[in-house]
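Source file: final.cif. Holds: mmCIF, C-alpha atoms and all ligand atoms.
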```
data_structure
loop_
_atom_site.label_atom_id
_atom_site.label_comp_id
_atom_site.auth_asym_id
_atom_site.auth_seq_id
_atom_site.Cartn_x
_atom_site.Cartn_y
_atom_site.Cartn_z
CA MET A 703 77.59 99.84 87.25
CA PRO A 704 80.16 98.94 84.57
CA GLU A 705 78.76 96.74 81.80
CA PHE A 706 80.91 93.86 80.49
CA LYS A 707 78.43 91.87 78.41
CA GLY A 708 80.25 90.15 75.52
CA ARG A 709 83.67 91.13 76.84
CA THR A 710 86.52 88.62 76.97
CA ALA A 711 89.81 88.51 78.85
CA LEU A 712 93.08 86.61 78.72
CA ILE A 713 94.88 86.53 82.06
CA PHE A 714 98.49 85.39 82.29
CA GLY A 715 99.29 84.31 85.86
CA GLY A 716 95.72 83.70 86.96
CA LYS A 717 96.21 80.51 88.92
CA SER A 718 96.73 81.91 92.41
CA GLY A 719 96.82 85.10 94.46
CA ILE A 720 95.90 88.37 92.77
CA GLY A 721 95.43 86.77 89.33
CA ALA A 722 92.93 84.22 90.67
CA ALA A 723 90.96 87.02 92.37
CA VAL A 724 90.93 89.01 89.11
CA ARG A 725 89.71 85.91 87.28
CA ASP A 726 86.87 85.42 89.83
CA LEU A 727 85.83 89.07 89.73
CA PHE A 728 85.90 89.21 85.92
CA GLU A 729 83.79 86.07 85.69
CA ARG A 730 81.26 87.38 88.23
CA SER A 731 81.05 90.56 86.16
CA GLY A 732 80.11 88.64 83.01
CA ILE A 733 83.51 88.59 81.30
CA ARG A 734 84.48 85.31 79.58
CA VAL A 735 87.99 84.42 80.71
CA CYS A 736 90.97 82.35 79.57
CA VAL A 737 93.70 81.82 82.16
CA ALA A 738 97.27 80.89 81.24
CA ASP A 739 99.66 79.82 83.97
CA ARG A 740 102.09 77.10 84.91
CA PHE A 741 99.27 74.60 85.39
CA GLU A 742 100.05 70.95 86.03
CA ALA A 743 98.25 68.45 83.78
CA ASP A 744 95.77 67.49 86.54
CA GLU A 745 94.87 71.15 87.13
CA LEU A 746 93.70 71.60 83.55
CA SER A 747 90.63 69.41 84.03
CA SER A 748 89.17 71.66 86.72
CA SER A 749 85.44 72.26 86.82
CA GLU A 750 85.94 76.02 87.15
CA THR A 751 84.38 77.97 84.31
CA ALA A 752 87.48 79.85 83.12
CA ILE A 753 89.38 78.07 80.35
CA ARG A 754 92.80 77.02 81.61
CA ILE A 755 95.90 76.79 79.43
CA ALA A 756 99.34 75.67 80.59
CA CYS A 757 102.08 78.13 79.73
CA ASP A 758 105.37 79.51 80.92
CA VAL A 759 105.42 83.21 79.98
CA THR A 760 109.19 83.18 79.50
CA ASN A 761 108.62 81.08 76.36
CA ALA A 762 107.53 83.45 73.56
CA GLN A 763 106.39 80.59 71.33
CA ALA A 764 104.24 79.08 74.09
CA VAL A 765 102.66 82.48 74.74
CA ARG A 766 101.76 82.79 71.03
CA LEU A 767 100.09 79.38 71.14
CA VAL A 768 98.08 80.49 74.19
CA VAL A 769 96.88 83.57 72.32
CA ASP A 770 95.88 81.46 69.30
CA ARG A 771 93.97 79.10 71.56
CA ALA A 772 92.29 81.96 73.45
CA LEU A 773 91.20 83.51 70.15
CA GLU A 774 89.78 80.18 68.97
CA THR A 775 87.89 79.73 72.22
CA LEU A 776 86.75 83.27 72.98
CA GLY A 777 86.49 84.61 69.42
CA HIS A 778 88.32 87.79 70.33
CA ILE A 779 90.34 89.27 73.21
CA ASP A 780 89.20 92.58 74.69
CA ILE A 781 91.26 92.57 77.88
CA LEU A 782 94.81 91.34 78.44
CA VAL A 783 96.02 91.03 82.03
CA ASN A 784 99.73 90.40 82.49
CA ASN A 785 100.01 89.23 86.07
CA ALA A 786 102.55 86.39 86.01
CA GLY A 787 105.33 87.41 88.33
CA THR A 788 108.09 86.15 90.54
CA GLY A 789 109.75 87.44 93.68
CA THR A 790 113.40 87.22 94.62
CA PRO A 791 115.19 86.52 97.92
CA ALA A 792 116.57 89.51 99.85
CA LEU A 793 120.14 89.97 98.57
CA ASP A 794 122.75 92.68 98.90
CA PHE A 795 123.15 94.30 95.50
CA HIS A 796 126.73 93.16 94.90
CA GLU A 797 125.73 89.58 95.65
CA VAL A 798 122.84 89.26 93.16
CA PRO A 799 123.84 86.46 90.75
CA LEU A 800 123.39 87.44 87.11
CA GLN A 801 121.37 84.28 86.65
CA GLU A 802 118.89 85.40 89.34
CA TRP A 803 118.69 88.91 87.83
CA ARG A 804 117.87 87.41 84.43
CA ARG A 805 115.34 84.93 85.89
CA VAL A 806 113.37 87.77 87.49
CA PHE A 807 113.46 89.91 84.34
CA ASP A 808 112.53 86.92 82.15
CA VAL A 809 109.27 86.43 84.02
CA ASN A 810 108.33 89.94 85.17
CA LEU A 811 109.34 91.89 82.06
CA ASP A 812 109.95 89.61 79.07
CA GLY A 813 106.85 87.54 79.87
CA THR A 814 104.74 90.67 79.53
CA LEU A 815 106.53 91.66 76.33
CA HIS A 816 105.75 88.24 74.83
CA ALA A 817 102.06 88.48 75.71
CA ILE A 818 101.60 92.03 74.43
CA GLN A 819 103.42 91.34 71.18
CA ALA A 820 101.19 88.32 70.58
CA VAL A 821 97.87 90.05 71.40
CA LEU A 822 98.43 93.59 70.16
CA PRO A 823 98.03 92.96 66.39
CA HIS A 824 94.60 91.49 67.12
CA MET A 825 93.58 94.46 69.29
CA LEU A 826 94.84 96.94 66.69
CA GLN A 827 92.83 95.17 64.01
CA ARG A 828 89.67 95.47 66.13
CA GLY A 829 90.42 99.01 67.29
CA PHE A 830 89.77 98.13 70.90
CA GLY A 831 91.75 96.78 73.83
CA ARG A 832 92.52 97.05 77.51
CA ILE A 833 96.03 96.02 78.52
CA ILE A 834 96.62 95.85 82.27
CA ASN A 835 100.09 95.04 83.58
CA THR A 836 100.78 94.08 87.18
CA ALA A 837 103.75 96.09 88.40
CA SER A 838 104.21 96.86 92.12
CA GLN A 839 104.38 99.76 94.54
CA LEU A 840 108.08 98.81 94.65
CA ALA A 841 108.36 100.23 91.10
CA HIS A 842 107.67 103.66 92.57
CA LYS A 843 109.26 103.14 96.01
CA PRO A 844 112.08 100.62 95.55
CA ALA A 845 113.22 98.75 98.66
CA PRO A 846 116.75 97.70 99.67
CA GLN A 847 117.93 94.15 98.81
CA GLN A 848 115.24 93.81 96.13
CA ALA A 849 117.02 95.42 93.17
CA ALA A 850 116.09 92.81 90.55
CA TYR A 851 112.40 92.78 91.49
CA CYS A 852 112.11 96.58 91.84
CA ALA A 853 113.99 97.25 88.59
CA SER A 854 111.90 94.70 86.65
CA LYS A 855 108.67 96.28 87.90
CA ALA A 856 109.89 99.83 87.23
CA ALA A 857 110.79 98.73 83.69
CA LEU A 858 107.29 97.33 83.33
CA VAL A 859 105.82 100.72 84.24
CA ALA A 860 108.09 102.40 81.68
CA LEU A 861 107.15 99.84 79.01
CA SER A 862 103.47 100.49 79.74
CA VAL A 863 103.76 104.27 79.54
CA SER A 864 105.74 104.05 76.29
CA LEU A 865 103.26 101.67 74.66
CA ALA A 866 100.26 103.60 75.98
CA GLN A 867 101.34 106.59 73.89
CA GLU A 868 101.68 104.46 70.75
CA VAL A 869 98.24 102.88 70.84
CA ALA A 870 95.89 105.20 72.75
CA SER A 871 94.54 106.83 69.58
CA GLN A 872 93.65 103.36 68.25
CA GLY A 873 91.22 102.46 71.02
CA ILE A 874 93.68 100.61 73.22
CA THR A 875 94.53 101.67 76.75
CA VAL A 876 97.63 100.42 78.58
CA ASN A 877 97.86 100.84 82.33
CA CYS A 878 99.51 99.27 85.37
CA VAL A 879 98.19 98.11 88.68
CA CYS A 880 100.86 98.67 91.35
CA PRO A 881 99.74 96.70 94.40
CA GLY A 882 101.18 97.18 97.84
CA PRO A 883 101.75 94.17 100.13
CA THR A 884 98.88 91.78 99.42
CA ASP A 885 97.78 88.55 101.06
CA THR A 886 99.03 86.01 98.49
CA PRO A 887 101.46 83.06 98.38
CA MET A 888 104.18 85.43 97.10
CA TRP A 889 103.80 87.72 100.12
CA HIS A 890 103.78 84.78 102.54
CA ALA A 891 106.98 83.42 100.97
CA SER A 892 108.85 86.65 101.79
CA ASP A 893 111.28 87.10 104.65
CA PRO A 894 109.38 87.43 108.02
CA ALA A 895 111.47 90.40 109.21
CA TRP A 896 110.87 92.23 105.92
CA LYS A 897 107.12 91.62 106.18
CA GLU A 898 106.95 92.95 109.74
CA TRP A 899 108.98 96.04 108.78
CA LYS A 900 106.89 96.64 105.65
CA ILE A 901 103.57 96.52 107.52
CA SER A 902 104.94 98.98 110.11
CA GLN A 903 105.68 101.40 107.22
CA LEU A 904 102.14 101.29 105.81
CA PRO A 905 99.83 104.10 106.91
CA ILE A 906 96.99 101.53 106.96
CA ARG A 907 99.10 99.12 109.13
CA ARG A 908 97.89 95.97 107.36
CA ILE A 909 98.35 94.15 104.08
CA GLY A 910 95.68 94.24 101.39
CA THR A 911 93.29 91.47 100.43
CA VAL A 912 93.31 90.11 96.89
CA GLU A 913 89.74 91.36 96.48
CA GLU A 914 90.80 94.92 97.35
CA VAL A 915 93.43 94.73 94.62
CA ALA A 916 91.31 92.92 91.99
CA SER A 917 88.76 95.74 91.85
CA ALA A 918 91.45 98.01 90.31
CA TYR A 919 91.69 95.62 87.34
CA LEU A 920 87.94 95.58 86.83
CA TYR A 921 87.88 99.36 86.76
CA LEU A 922 90.75 99.59 84.25
CA ALA A 923 88.99 96.97 82.09
CA SER A 924 85.74 98.93 82.04
CA ASP A 925 84.41 101.39 79.47
CA GLU A 926 84.36 103.96 82.30
CA ALA A 927 88.19 103.86 82.27
CA ALA A 928 88.49 104.77 78.57
CA PHE A 929 90.24 108.07 79.45
CA ILE A 930 92.77 106.41 81.81
CA VAL A 931 95.95 106.10 79.75
CA GLY A 932 99.45 105.11 80.86
CA GLN A 933 98.62 105.29 84.56
CA SER A 934 99.67 103.36 87.64
CA LEU A 935 96.63 102.56 89.76
CA SER A 936 97.98 101.78 93.20
CA PRO A 937 95.96 99.84 95.78
CA ASN A 938 98.77 100.02 98.34
CA GLY A 939 97.44 101.05 101.76
CA GLY A 940 99.06 104.48 101.36
CA ASP A 941 102.63 103.19 100.94
CA VAL A 942 103.16 105.46 97.94
CA MET A 943 101.07 108.63 97.76
CA TRP A 944 100.99 111.02 94.83
N1 LIG B 1 101.54 89.93 96.77
C1 LIG B 1 102.10 91.11 96.79
O1 LIG B 1 102.36 91.65 97.86
C2 LIG B 1 102.39 91.82 95.48
C3 LIG B 1 102.68 93.19 95.55
C4 LIG B 1 102.96 93.86 94.37
C5 LIG B 1 102.93 93.20 93.16
N2 LIG B 1 102.66 91.85 93.14
C6 LIG B 1 102.64 91.20 91.82
O2 LIG B 1 101.37 90.61 91.66
C7 LIG B 1 101.47 89.55 90.72
C8 LIG B 1 100.78 88.33 91.28
O3 LIG B 1 101.50 87.88 92.40
P1 LIG B 1 100.81 87.26 93.69
O4 LIG B 1 101.25 88.06 94.84
O5 LIG B 1 99.37 87.04 93.45
O6 LIG B 1 101.62 85.89 93.83
P2 LIG B 1 101.31 84.42 93.32
O7 LIG B 1 102.60 83.71 93.45
O8 LIG B 1 100.10 83.90 94.00
O9 LIG B 1 100.94 84.64 91.78
C9 LIG B 1 101.88 84.66 90.75
C10 LIG B 1 101.28 83.90 89.60
O10 LIG B 1 102.18 83.98 88.49
C11 LIG B 1 102.37 82.67 87.99
N3 LIG B 1 103.67 82.57 87.34
C12 LIG B 1 104.89 82.78 87.89
N4 LIG B 1 105.85 82.57 86.98
C13 LIG B 1 105.22 82.23 85.83
C14 LIG B 1 105.68 81.86 84.53
N5 LIG B 1 106.98 81.82 84.24
N6 LIG B 1 104.75 81.58 83.59
C15 LIG B 1 103.43 81.61 83.87
N7 LIG B 1 102.94 81.95 85.08
C16 LIG B 1 103.83 82.23 86.04
C17 LIG B 1 102.28 81.77 89.21
O11 LIG B 1 102.06 80.41 88.88
C18 LIG B 1 101.12 82.40 89.96
O12 LIG B 1 99.86 81.94 89.53
C19 LIG B 1 102.97 89.35 90.44
O13 LIG B 1 103.31 89.97 89.23
C20 LIG B 1 103.63 90.07 91.61
O14 LIG B 1 104.91 90.51 91.30
C21 LIG B 1 102.40 91.15 94.28
#
```

Just dump the structure as structure tokens.
Amino acid sequence: MPEFKGRTALIFGGKSGIGAAVRDLFERSGIRVCVADRFEADELSSSETAIRIACDVTNAQAVRLVVDRALETLGHIDILVNNAGTGTPALDFHEVPLQEWRRVFDVNLDGTLHAIQAVLPHMLQRGFGRIINTASQLAHKPAPQQAAYCASKAALVALSVSLAQEVASQGITVNCVCPGPTDTPMWHASDPAWKEWKISQLPIRRIGTVEEVASAYLYLASDEAAFIVGQSLSPNGGDVMW
């Protein structure tokens, strides 16, 4: 069994869905966790064990403050999970407003950039780190009418592979999890016809549970995954096969 005693994690986007399941699994595995998300004031006084910090990942300064606070609280950060993400309505390509394109990239790509730039100096100093970015199976198999989302997630995979090569020799691994359709608020907010079509395309003929996806993060965070560098781990029901 993987051993996580003394390990710490900072999870951006850990309030609901996949991020909340990762938070639960990490905590049950003995990892001390800080969660940053768009929490409301009344959500910050929760009795849950993970430390909660309010933050919008599109704000680089706010992300830096989160990292400072996580370091104060946890002492160090071993694992960074970048999971904050946003979907986009189904739109024909020529009708995607530039504002919507930028909104999706701001959260899905720039948010991750902000978090990595804030945490990486600390990981480099310690000579250890696990950076896990949530992309999507749509990065590898883009769908029609989802150009902004697919392109932002494909860019996230490229960012991860580029960075993985820079830092692997310094004890830091960078990988992506590329989930397929998963039972979360984001999935349920999608267009009903799209959901029905997507499930019919999956070899497994069902969506995944958040627990089935969260286990990929725990593996990538473990010492056993030390040789996994720049990869996309894809719990996706067979939607994309390599
Ligand atoms: N559910 C799926 O089918 C699926 C498939 C592939 C990839 N994903 C990705 O998984 C990740 C988690 O999504 P989910 O499905 O659990 O949906 P979700 O909506 O439950 O979770 C998204 C989380 O990100 C947070 N968030 C969004 N914008 C933010 C911002 N600007 N600053 C801080 N936090 C922000 C939300 O508050 C929420 O907690 C996302 O990156 C999503 O793109 C989801």

Quick one: residues within 9 Å of ligand LIG 1 (chain B), with only C-alpha atoms and all ligand atoms, as a PyMOL selection string? chain A and resi 714-723+738-741+756-761+784-789+808-810+813+835-841+851+855+879-891+909-910+912+938

Please provide the set of residues having any atom within 8 Å of A:Pro905, restricted to only C-alpha atoms, with same-chain residues fewer than 4 positions apart removed, written as a list of chain:residue names.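 Near A:Pro905, the qualifying residues are A:Gly939, A:Gly940, A:Asp941.
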
Between A:Ala752, A:Thr814, A:Gln848, A:Val876, single out the one closest to A:Val798, counting all atoms listed in the file.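 The closest residue to A:Val798 is A:Gln848.
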
Residue neighbourhood A:Thr775, 9 Å, only C-alpha atoms, exclusion window fewer than 4 positions, as a PyMOL selection string: chain A and resi 736+753+770-771

Excluding A:Ala772 and any residue of its chain fewer than 6 positions from it, enumerate the residues within 10 Å of it, using only C-alpha atoms, and give them as a PDB file with C-alpha atoms, in the frame of the given file.
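Final file, result.pdb:
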```pdb
ATOM      1  CA  THR A 710      86.520  88.620  76.970  1.00  0.00           C
ATOM      2  CA  ALA A 711      89.810  88.510  78.850  1.00  0.00           C
ATOM      3  CA  LEU A 712      93.080  86.610  78.720  1.00  0.00           C
ATOM      4  CA  VAL A 735      87.990  84.420  80.710  1.00  0.00           C
ATOM      5  CA  CYS A 736      90.970  82.350  79.570  1.00  0.00           C
ATOM      6  CA  VAL A 737      93.700  81.820  82.160  1.00  0.00           C
ATOM      7  CA  ALA A 738      97.270  80.890  81.240  1.00  0.00           C
ATOM      8  CA  ILE A 753      89.380  78.070  80.350  1.00  0.00           C
ATOM      9  CA  ARG A 754      92.800  77.020  81.610  1.00  0.00           C
ATOM     10  CA  ILE A 755      95.900  76.790  79.430  1.00  0.00           C
ATOM     11  CA  ARG A 766     101.760  82.790  71.030  1.00  0.00           C
ATOM     12  CA  HIS A 778      88.320  87.790  70.330  1.00  0.00           C
ATOM     13  CA  ILE A 779      90.340  89.270  73.210  1.00  0.00           C
TER      14      ILE A 779
END
```

Could you please determine the separation between atom CA of A:Thr911 and atom CA of A:His816 in Å, to one decimal place?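 Computed distance, atom CA of A:Thr911 to atom CA of A:His816, equals 28.7 Å.
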
Pick out the residues sitting within 10 Å of A:Phe929, and hand them over as a ChimeraX atom specification; count only C-alpha atoms, and ignore anything fewer than 6 positions along from it in its own chain. /A:870,875,922

What does the structure give for the distance between atom CA of A:Phe795 and atom CA of A:Ala857, in Å to one decimal?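 Spanning atom CA of A:Phe795 to atom CA of A:Ala857 is a straight-line distance of 17.7 Å.
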
Pick from A:Ile818, A:Val769, A:Cys852, A:Leu793, whichever lies nearest to A:Val806 using all atoms listed in the file: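 Under the stated criterion, the closest residue is A:Cys852.
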
Report the distance between atom CA of A:Phe706 and atom CA of A:Ile733 in Å, rounded to one decimal place.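 Atom CA of A:Ile733 lies at a distance of 5.9 Å from atom CA of A:Phe706.
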
Could you give me, as a list of chain:residue names, the residues that have an atom at most 10 Å away from the point (79.4, 97.6, 80.9) in the coordinates of the file, using all atoms listed in the file?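 Taken together, the residues in range are A:Met703, A:Pro704, A:Glu705, A:Phe706, A:Lys707, A:Gly708, A:Arg709, A:Ser731, A:Gly732, A:Ile733, A:Ala923, A:Ser924, A:Asp925, A:Glu926.
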